[in-house]
file entry22.cif (mmCIF, C-alpha atoms)
data_final
loop_
_atom_site.label_atom_id
_atom_site.label_comp_id
_atom_site.auth_asym_id
_atom_site.auth_seq_id
_atom_site.Cartn_x
_atom_site.Cartn_y
_atom_site.Cartn_z
CA MET A 1 147.80 174.71 170.25
CA ILE A 2 144.35 176.27 169.89
CA ASN A 3 145.12 178.71 172.71
CA ILE A 4 148.27 179.80 170.90
CA ILE A 5 146.28 180.36 167.71
CA HIS A 6 143.65 182.33 169.59
CA SER A 7 146.36 184.52 171.15
CA LYS A 8 147.81 185.21 167.71
CA VAL A 9 144.35 186.05 166.38
CA VAL A 10 143.78 188.59 169.15
CA ALA A 11 147.21 190.12 168.58
CA ILE A 12 146.63 190.42 164.84
CA LEU A 13 143.23 192.02 165.36
CA LEU A 14 144.55 194.52 167.91
CA ILE A 15 147.53 195.50 165.76
CA GLY A 16 145.36 195.83 162.67
CA LEU A 17 142.73 197.93 164.41
CA PHE A 18 145.47 200.13 165.89
CA LEU A 19 147.03 200.72 162.48
CA THR A 20 143.74 201.45 160.74
CA GLY A 21 142.50 203.56 163.61
CA CYS A 22 145.65 205.68 163.61
CA ALA A 23 145.70 205.98 159.84
CA SER A 24 144.22 209.06 158.28
CA THR A 25 140.65 208.69 157.12
CA LYS A 26 141.43 210.68 154.00
CA LEU A 27 140.80 208.86 150.76
CA ASN A 28 140.03 211.34 148.00
CA ASN A 29 139.98 214.96 149.12
CA GLU A 30 140.67 218.28 147.48
CA ASP A 31 144.41 217.50 147.60
CA GLY A 32 143.95 214.27 145.67
CA PRO A 33 144.34 210.61 146.68
CA TYR A 34 146.13 209.96 149.97
CA ASP A 35 149.36 208.39 148.75
CA PRO A 36 152.24 209.40 151.06
CA LEU A 37 154.08 206.17 150.24
CA GLU A 38 154.12 206.86 146.49
CA PRO A 39 157.89 206.37 145.92
CA MET A 40 157.80 202.96 147.60
CA ASN A 41 154.48 202.12 145.97
CA ARG A 42 155.83 202.90 142.51
CA ALA A 43 158.84 200.66 143.13
CA VAL A 44 156.57 197.79 144.19
CA PHE A 45 154.27 198.55 141.24
CA ASP A 46 157.22 198.30 138.82
CA PHE A 47 158.25 195.01 140.44
CA ASN A 48 154.72 193.64 140.08
CA GLU A 49 154.63 194.73 136.43
CA MET A 50 157.92 192.95 135.77
CA VAL A 51 156.73 189.73 137.42
CA ASP A 52 153.38 189.93 135.66
CA ASN A 53 154.90 190.54 132.22
CA ASN A 54 157.35 187.65 132.58
CA VAL A 55 155.36 185.11 134.57
CA PHE A 56 151.66 185.67 135.24
CA GLU A 57 150.59 187.10 131.89
CA PRO A 58 152.28 184.39 129.75
CA VAL A 59 150.79 181.69 132.01
CA ALA A 60 147.35 183.31 131.80
CA LYS A 61 147.56 183.55 128.00
CA GLY A 62 148.56 179.88 127.78
CA TYR A 63 145.73 178.92 130.11
CA LYS A 64 143.21 180.87 128.05
CA LYS A 65 144.53 179.37 124.81
CA ILE A 66 144.21 175.73 125.87
CA MET A 67 141.11 176.06 128.04
CA PRO A 68 137.77 175.76 126.20
CA ASP A 69 135.49 178.73 126.94
CA PRO A 70 132.73 176.64 128.59
CA LEU A 71 135.25 174.96 130.89
CA GLU A 72 136.89 178.29 131.73
CA LEU A 73 133.46 179.66 132.62
CA MET A 74 132.79 176.71 134.93
CA VAL A 75 136.15 177.15 136.67
CA GLY A 76 135.36 180.84 137.20
CA ASN A 77 131.93 179.94 138.55
CA PHE A 78 133.46 177.42 140.96
CA PHE A 79 135.81 179.97 142.51
CA SER A 80 133.10 182.62 142.56
CA ASN A 81 130.94 180.20 144.52
CA LEU A 82 133.73 179.65 147.06
CA ASN A 83 134.07 183.43 147.38
CA ASP A 84 130.41 183.63 148.41
CA VAL A 85 131.53 182.21 151.77
CA VAL A 86 133.61 185.39 152.26
CA VAL A 87 130.75 187.56 151.01
CA LEU A 88 128.22 185.87 153.29
CA THR A 89 130.44 186.14 156.37
CA ASN A 90 131.14 189.82 155.88
CA SER A 91 127.52 190.58 155.02
CA VAL A 92 126.54 189.15 158.39
CA LEU A 93 129.30 191.13 160.15
CA GLN A 94 127.99 194.30 158.49
CA LEU A 95 124.40 193.44 159.48
CA ASN A 96 123.59 193.64 155.78
CA TYR A 97 120.85 191.04 155.86
CA GLU A 98 119.73 191.52 152.27
CA SER A 99 123.20 190.67 151.01
CA ALA A 100 123.53 187.85 153.54
CA LEU A 101 120.26 186.23 152.46
CA ALA A 102 121.06 186.58 148.77
CA SER A 103 124.60 185.22 149.22
CA SER A 104 123.44 182.29 151.35
CA ALA A 105 120.79 181.46 148.73
CA ARG A 106 123.42 181.67 145.97
CA LEU A 107 125.76 179.42 147.92
CA LEU A 108 123.06 176.83 148.60
CA ILE A 109 121.61 176.79 145.07
CA ASN A 110 124.91 176.83 143.19
CA THR A 111 126.62 174.29 145.47
CA THR A 112 123.76 171.79 145.19
CA PHE A 113 121.92 172.24 141.89
CA GLY A 114 124.91 173.96 140.27
CA ILE A 115 127.24 171.01 140.99
CA PHE A 116 129.57 172.63 143.54
CA GLY A 117 129.25 176.00 141.84
CA LEU A 118 130.35 174.94 138.35
CA ILE A 119 127.04 176.28 137.00
CA ASP A 120 125.83 179.67 138.18
CA ILE A 121 122.14 178.80 138.43
CA ALA A 122 121.49 181.58 140.96
CA SER A 123 122.42 184.27 138.43
CA ASP A 124 120.17 182.64 135.84
CA ILE A 125 117.30 182.72 138.35
CA SER A 126 118.03 186.38 139.05
CA ALA A 127 118.05 187.23 135.34
CA ALA A 128 114.78 185.39 134.67
CA SER A 129 112.79 186.62 137.68
CA ASP A 130 112.35 189.42 140.19
CA VAL A 131 114.40 187.52 142.78
CA ASN A 132 117.72 189.31 143.15
CA LEU A 133 120.37 186.65 143.64
CA SER A 134 123.09 188.55 141.80
CA LYS A 135 126.69 188.24 142.94
CA ARG A 136 127.62 190.57 145.81
CA ASN A 137 131.05 191.92 146.71
CA GLU A 138 131.87 192.08 150.42
CA ASP A 139 135.14 191.58 152.29
CA PHE A 140 136.60 192.40 155.69
CA GLY A 141 138.16 195.63 154.42
CA GLN A 142 134.66 196.81 153.50
CA THR A 143 133.37 195.60 156.86
CA LEU A 144 135.91 197.78 158.65
CA GLY A 145 134.96 200.69 156.40
CA ARG A 146 131.26 200.24 157.19
CA TYR A 147 132.11 200.68 160.87
CA GLY A 148 133.88 203.98 160.22
CA ILE A 149 137.51 202.86 160.02
CA GLY A 150 139.32 204.96 157.44
CA SER A 151 141.25 203.42 154.58
CA GLY A 152 144.54 204.99 155.58
CA PRO A 153 147.38 205.43 153.06
CA TYR A 154 147.24 203.79 149.67
CA VAL A 155 149.56 200.77 149.48
CA VAL A 156 150.76 198.59 146.62
CA LEU A 157 151.35 195.04 147.84
CA PRO A 158 153.92 192.72 146.24
CA PHE A 159 152.12 190.35 143.84
CA LEU A 160 148.67 191.38 145.14
CA GLY A 161 148.67 194.94 143.80
CA PRO A 162 146.53 197.95 144.88
CA SER A 163 145.40 198.11 148.49
CA SER A 164 145.35 200.36 151.56
CA VAL A 165 146.30 199.92 155.21
CA ARG A 166 142.73 198.97 156.09
CA ASP A 167 142.25 196.69 153.11
CA THR A 168 145.59 194.96 153.67
CA PHE A 169 144.45 194.00 157.14
CA GLY A 170 141.12 192.93 155.64
CA ILE A 171 142.88 190.67 153.14
CA ALA A 172 144.81 189.02 155.97
CA VAL A 173 141.68 188.36 158.03
CA ASP A 174 139.69 186.99 155.09
CA SER A 175 142.60 184.83 153.90
CA PHE A 176 143.42 183.33 157.29
CA PHE A 177 139.96 182.84 158.74
CA VAL A 178 137.23 182.97 156.07
CA ASP A 179 138.38 182.12 152.54
CA PRO A 180 137.75 178.39 151.93
CA VAL A 181 140.83 178.18 149.70
CA THR A 182 143.42 179.78 152.00
CA GLN A 183 141.84 179.36 155.46
CA GLY A 184 143.68 176.11 156.01
CA VAL A 185 146.84 178.06 156.85
CA THR A 186 145.56 178.45 160.40
CA GLY A 187 143.32 175.40 160.66
CA VAL A 188 141.15 177.29 163.17
CA PHE A 189 137.89 175.85 161.86
CA MET A 190 139.04 172.54 160.39
CA HIS A 191 142.11 171.71 162.47
CA ASN A 192 141.23 168.00 162.62
CA VAL A 193 140.84 167.58 158.86
CA ASP A 194 144.45 167.26 157.79
CA TYR A 195 143.80 166.10 154.24
CA ILE A 196 141.80 169.29 153.52
CA ASN A 197 144.32 171.59 155.17
CA SER A 198 147.37 170.05 153.53
CA ALA A 199 149.50 172.22 151.26
CA ALA A 200 149.26 169.51 148.58
CA VAL A 201 145.54 170.30 148.30
CA ARG A 202 145.44 174.02 149.04
CA PHE A 203 148.35 175.22 146.93
CA PRO A 204 147.20 173.81 143.55
CA ILE A 205 143.68 175.18 144.12
CA ALA A 206 145.01 178.62 145.08
CA THR A 207 147.30 178.59 142.04
CA ALA A 208 144.44 177.62 139.72
CA ARG A 209 142.33 180.45 141.12
CA ALA A 210 145.12 182.98 140.60
CA VAL A 211 145.67 181.87 137.00
CA ASN A 212 141.94 181.94 136.24
CA THR A 213 141.60 185.42 137.75
CA ARG A 214 144.57 186.72 135.75
CA ALA A 215 143.17 185.22 132.55
CA GLN A 216 139.89 187.08 133.08
CA LEU A 217 141.81 190.36 133.24
CA LEU A 218 143.61 189.99 129.90
CA ASP A 219 141.00 191.88 127.87
CA ILE A 220 140.67 194.61 130.51
CA GLU A 221 144.44 195.11 130.50
CA LYS A 222 144.43 195.97 126.80
CA THR A 223 141.97 198.79 127.45
CA LEU A 224 144.01 199.97 130.44
CA GLU A 225 147.24 200.13 128.45
CA GLU A 226 145.54 202.22 125.75
CA ALA A 227 143.69 204.58 128.11
CA ALA A 228 146.24 205.31 130.83
CA LEU A 229 148.95 207.92 130.41
CA ASP A 230 150.29 206.94 133.84
CA LYS A 231 149.25 203.37 134.60
CA TYR A 232 150.17 203.68 138.28
CA GLU A 233 147.96 206.74 138.82
CA PHE A 234 145.13 205.28 136.76
CA MET A 235 145.05 202.06 138.79
CA ARG A 236 145.43 203.90 142.11
CA ASP A 237 142.57 206.31 141.42
CA ALA A 238 140.31 203.57 140.03
CA TYR A 239 141.00 201.34 143.03
CA LEU A 240 140.30 204.04 145.62
CA GLN A 241 137.10 205.16 143.89
CA ARG A 242 135.84 201.61 143.59
CA ARG A 243 136.58 200.81 147.23
CA THR A 244 134.71 203.93 148.34
CA SER A 245 131.76 202.84 146.24
CA LEU A 246 131.83 199.31 147.64
CA VAL A 247 132.09 200.45 151.27
CA ASN A 248 129.05 202.68 150.70
CA ASN A 249 127.24 199.74 149.04
CA ASN A 250 126.81 201.71 145.82
CA SER A 251 127.78 198.68 143.75
CA GLU A 252 126.98 194.98 143.77
CA GLU A 253 129.24 194.05 140.90
CA LYS A 254 131.59 191.11 140.97
#
call {"tool": "encode", "arguments": {"input": "entry22.cif", "output": "structure tokens"}}
result
Amino acid sequence: MINIIHSKVVAILLIGLFLTGCASTKLNNEDGPYDPLEPMNRAVFDFNEMVDNNVFEPVAKGYKKIMPDPLELMVGNFFSNLNDVVVLTNSVLQLNYESALASSARLLINTTFGIFGLIDIASDISAASDVNLSKRNEDFGQTLGRYGIGSGPYVVLPFLGPSSVRDTFGIAVDSFFVDPVTQGVTGVFMHNVDYINSAAVRFPIATARAVNTRAQLLDIEKTLEEAALDKYEFMRDAYLQRRTSLVNNNSEEK
């Protein structure tokens, strides 16, 4: 079974690297964002908007209404702490030792003294001292970018939203092999721990994370609706600019 999984891993990596290697390295040039799939992307974007307006947004508003602010903050901290596993792994892959050390310290401090990440003690330490333990943002898409692999065409993914060929592959790698919430799909690292890898455990946690993330975007969405003449173009341009910044390590924001 493990050999089969390893074969699939190699195949996925080879296919992904082939696609990203063959994709144009253009991102934002004098001709504008590289979006040759715009008709398809707009159709997927409209689908995502419909699903969001009728499902995700109402659920997020209900969640925010019934969830006390302190508890909502702790839930957000918990999932942010789990994400530090992804950040740490990709920091190491990028040989970004400063980010790796900070992320490992955050993970250790918040998991132990912060009660499994419910309290973000590391950020409090960072704010009160010269020790920089602020939240980093690293993923496998950025790792590929750091090694010179171009983003390729802009892509809008069903349910997941803005992406690119490179970042789509990065999402798949992080989700299957690194993310503590979704990694159980493959069971590569914890294949003997069935109760952790069971869908009955993973699915509710993944759903809770999605709802919490959507709830955090409610206020931002109001600003977006007011500022954007063309919401599709606004989100595309903002996404591509932010990803360029993150790949170049010009930002350490969440």
call {"tool": "atom_distance", "arguments": {"input": "entry22.cif", "atom1": "atom CA of Ile119 of chain A", "atom2": "atom CA of Asn77 of chain A"}}
result
6.3 Å
call {"tool": "resolve_selection", "arguments": {"input": "entry22.cif", "expression": "the PyMOL selection byres ((chain A and resi 248) around 12)", "output": "ChimeraX atom specification"}}
result
/A:94,96,137-138,142-148,241-247,249-252
call {"tool": "write_last_selection", "arguments": {"input": "entry22.cif", "atoms": "C-alpha atoms", "output": "short mmCIF file (atom, residue, chain, number, x, y, z; two decimals), in the frame of the given file"}}
result
data_model
loop_
_atom_site.label_atom_id
_atom_site.label_comp_id
_atom_site.auth_asym_id
_atom_site.auth_seq_id
_atom_site.Cartn_x
_atom_site.Cartn_y
_atom_site.Cartn_z
CA GLN A 94 127.99 194.30 158.49
CA ASN A 96 123.59 193.64 155.78
CA ASN A 137 131.05 191.92 146.71
CA GLU A 138 131.87 192.08 150.42
CA GLN A 142 134.66 196.81 153.50
CA THR A 143 133.37 195.60 156.86
CA LEU A 144 135.91 197.78 158.65
CA GLY A 145 134.96 200.69 156.40
CA ARG A 146 131.26 200.24 157.19
CA TYR A 147 132.11 200.68 160.87
CA GLY A 148 133.88 203.98 160.22
CA GLN A 241 137.10 205.16 143.89
CA ARG A 242 135.84 201.61 143.59
CA ARG A 243 136.58 200.81 147.23
CA THR A 244 134.71 203.93 148.34
CA SER A 245 131.76 202.84 146.24
CA LEU A 246 131.83 199.31 147.64
CA VAL A 247 132.09 200.45 151.27
CA ASN A 249 127.24 199.74 149.04
CA ASN A 250 126.81 201.71 145.82
CA SER A 251 127.78 198.68 143.75
CA GLU A 252 126.98 194.98 143.77
#
call {"tool": "resolve_selection", "arguments": {"input": "entry22.cif", "expression": "the PyMOL selection byres ((chain A and resi 43-57) around 9)", "output": "VMD selection string"}}
result
chain A and resid 38 to 42 58 to 62 156 to 162 210 to 211 214 to 215 218 232
call {"tool": "residues_around", "arguments": {"input": "entry22.cif", "residues": "Leu101 of chain A", "least_positions_apart": "4", "cutoff": "9 Å", "atoms": "only C-alpha atoms", "output": "mmCIF file with C-alpha atoms, in the frame of the given file"}}
result
data_model
loop_
_atom_site.group_PDB
_atom_site.id
_atom_site.type_symbol
_atom_site.label_atom_id
_atom_site.label_comp_id
_atom_site.auth_asym_id
_atom_site.auth_seq_id
_atom_site.Cartn_x
_atom_site.Cartn_y
_atom_site.Cartn_z
ATOM 1 C CA LEU A 88 128.220 185.870 153.290
ATOM 2 C CA SER A 91 127.520 190.580 155.020
ATOM 3 C CA ASN A 96 123.590 193.640 155.780
ATOM 4 C CA TYR A 97 120.850 191.040 155.860
ATOM 5 C CA ALA A 105 120.790 181.460 148.730
ATOM 6 C CA ARG A 106 123.420 181.670 145.970
ATOM 7 C CA LEU A 133 120.370 186.650 143.640
#
call {"tool": "residues_around", "arguments": {"input": "entry22.cif", "residues": "Ile109 of chain A", "least_positions_apart": "6", "cutoff": "10 Å", "atoms": "all atoms listed in the file", "output": "PyMOL selection string"}}
result
chain A and resi 81+103+115-117+119-122+125
call {"tool": "atom_distance", "arguments": {"input": "entry22.cif", "atom1": "atom CA of Tyr154 of chain A", "atom2": "atom CA of Asp35 of chain A"}}
result
5.1 Å
call {"tool": "atom_distance", "arguments": {"input": "entry22.cif", "atom1": "atom CA of Thr223 of chain A", "atom2": "atom CA of Leu71 of chain A"}}
result
25.0 Å
call {"tool": "closest_residue", "arguments": {"input": "entry22.cif", "among": "A:Ala228, A:Ala199, A:Ala102, A:Val181", "to": "Phe78 of chain A", "atoms": "all atoms listed in the file"}}
result
A:Val181
call {"tool": "closest_residue", "arguments": {"input": "entry22.cif", "among": "A:Pro153, A:Asp237, A:Asn212, A:Asp139", "to": "Met67 of chain A", "atoms": "all atoms listed in the file"}}
result
A:Asn212
call {"tool": "closest_residue", "arguments": {"input": "entry22.cif", "among": "A:Leu107, A:Arg236, A:Gly114, A:Asp174", "to": "Asn90 of chain A", "atoms": "all atoms listed in the file"}}
result
A:Asp174
call {"tool": "build_atoms", "arguments": {"input": "entry22.cif", "residues": "segment 65-80 of chain A", "atoms": "N, CA, C and O atoms", "output": "PDB file, in the coordinates of the input"}}
result
ATOM      1  N   LYS A  65     144.405 179.966 126.143  1.00  0.00           N
ATOM      2  CA  LYS A  65     144.530 179.370 124.810  1.00  0.00           C
ATOM      3  C   LYS A  65     144.123 177.903 124.810  1.00  0.00           C
ATOM      4  O   LYS A  65     143.461 177.433 123.861  1.00  0.00           O
ATOM      5  N   ILE A  66     144.494 177.167 125.851  1.00  0.00           N
ATOM      6  CA  ILE A  66     144.210 175.730 125.870  1.00  0.00           C
ATOM      7  C   ILE A  66     142.882 175.397 126.532  1.00  0.00           C
ATOM      8  O   ILE A  66     142.358 174.297 126.348  1.00  0.00           O
ATOM      9  N   MET A  67     142.341 176.337 127.301  1.00  0.00           N
ATOM     10  CA  MET A  67     141.110 176.060 128.040  1.00  0.00           C
ATOM     11  C   MET A  67     139.887 176.414 127.203  1.00  0.00           C
ATOM     12  O   MET A  67     139.707 177.569 126.807  1.00  0.00           O
ATOM     13  N   PRO A  68     139.009 175.453 126.919  1.00  0.00           N
ATOM     14  CA  PRO A  68     137.770 175.760 126.200  1.00  0.00           C
ATOM     15  C   PRO A  68     136.930 176.769 126.984  1.00  0.00           C
ATOM     16  O   PRO A  68     136.900 176.737 128.217  1.00  0.00           O
ATOM     17  N   ASP A  69     136.257 177.675 126.276  1.00  0.00           N
ATOM     18  CA  ASP A  69     135.490 178.730 126.940  1.00  0.00           C
ATOM     19  C   ASP A  69     134.465 178.196 127.941  1.00  0.00           C
ATOM     20  O   ASP A  69     134.350 178.741 129.047  1.00  0.00           O
ATOM     21  N   PRO A  70     133.701 177.146 127.607  1.00  0.00           N
ATOM     22  CA  PRO A  70     132.730 176.640 128.590  1.00  0.00           C
ATOM     23  C   PRO A  70     133.398 176.137 129.868  1.00  0.00           C
ATOM     24  O   PRO A  70     132.890 176.362 130.970  1.00  0.00           O
ATOM     25  N   LEU A  71     134.548 175.478 129.722  1.00  0.00           N
ATOM     26  CA  LEU A  71     135.250 174.960 130.890  1.00  0.00           C
ATOM     27  C   LEU A  71     135.845 176.105 131.716  1.00  0.00           C
ATOM     28  O   LEU A  71     135.822 176.083 132.953  1.00  0.00           O
ATOM     29  N   GLU A  72     136.352 177.121 131.022  1.00  0.00           N
ATOM     30  CA  GLU A  72     136.890 178.290 131.730  1.00  0.00           C
ATOM     31  C   GLU A  72     135.786 178.989 132.519  1.00  0.00           C
ATOM     32  O   GLU A  72     136.008 179.445 133.651  1.00  0.00           O
ATOM     33  N   LEU A  73     134.599 179.059 131.928  1.00  0.00           N
ATOM     34  CA  LEU A  73     133.460 179.660 132.620  1.00  0.00           C
ATOM     35  C   LEU A  73     133.107 178.868 133.879  1.00  0.00           C
ATOM     36  O   LEU A  73     132.841 179.452 134.940  1.00  0.00           O
ATOM     37  N   MET A  74     133.119 177.545 133.772  1.00  0.00           N
ATOM     38  CA  MET A  74     132.790 176.710 134.930  1.00  0.00           C
ATOM     39  C   MET A  74     133.822 176.859 136.040  1.00  0.00           C
ATOM     40  O   MET A  74     133.474 176.888 137.226  1.00  0.00           O
ATOM     41  N   VAL A  75     135.098 176.955 135.664  1.00  0.00           N
ATOM     42  CA  VAL A  75     136.150 177.150 136.670  1.00  0.00           C
ATOM     43  C   VAL A  75     135.944 178.486 137.380  1.00  0.00           C
ATOM     44  O   VAL A  75     136.040 178.572 138.610  1.00  0.00           O
ATOM     45  N   GLY A  76     135.637 179.537 136.599  1.00  0.00           N
ATOM     46  CA  GLY A  76     135.360 180.840 137.200  1.00  0.00           C
ATOM     47  C   GLY A  76     134.160 180.798 138.123  1.00  0.00           C
ATOM     48  O   GLY A  76     134.176 181.398 139.207  1.00  0.00           O
ATOM     49  N   ASN A  77     133.124 180.086 137.713  1.00  0.00           N
ATOM     50  CA  ASN A  77     131.930 179.940 138.550  1.00  0.00           C
ATOM     51  C   ASN A  77     132.247 179.215 139.863  1.00  0.00           C
ATOM     52  O   ASN A  77     131.731 179.568 140.931  1.00  0.00           O
ATOM     53  N   PHE A  78     133.091 178.190 139.770  1.00  0.00           N
ATOM     54  CA  PHE A  78     133.460 177.420 140.960  1.00  0.00           C
ATOM     55  C   PHE A  78     134.138 178.301 142.005  1.00  0.00           C
ATOM     56  O   PHE A  78     133.783 178.274 143.193  1.00  0.00           O
ATOM     57  N   PHE A  79     135.102 179.105 141.565  1.00  0.00           N
ATOM     58  CA  PHE A  79     135.810 179.970 142.510  1.00  0.00           C
ATOM     59  C   PHE A  79     134.937 181.116 142.990  1.00  0.00           C
ATOM     60  O   PHE A  79     135.067 181.566 144.136  1.00  0.00           O
ATOM     61  N   SER A  80     134.047 181.586 142.141  1.00  0.00           N
ATOM     62  CA  SER A  80     133.100 182.620 142.560  1.00  0.00           C
ATOM     63  C   SER A  80     132.178 182.084 143.645  1.00  0.00           C
ATOM     64  O   SER A  80     131.834 182.791 144.605  1.00  0.00           O
TER      65      SER A  80
END
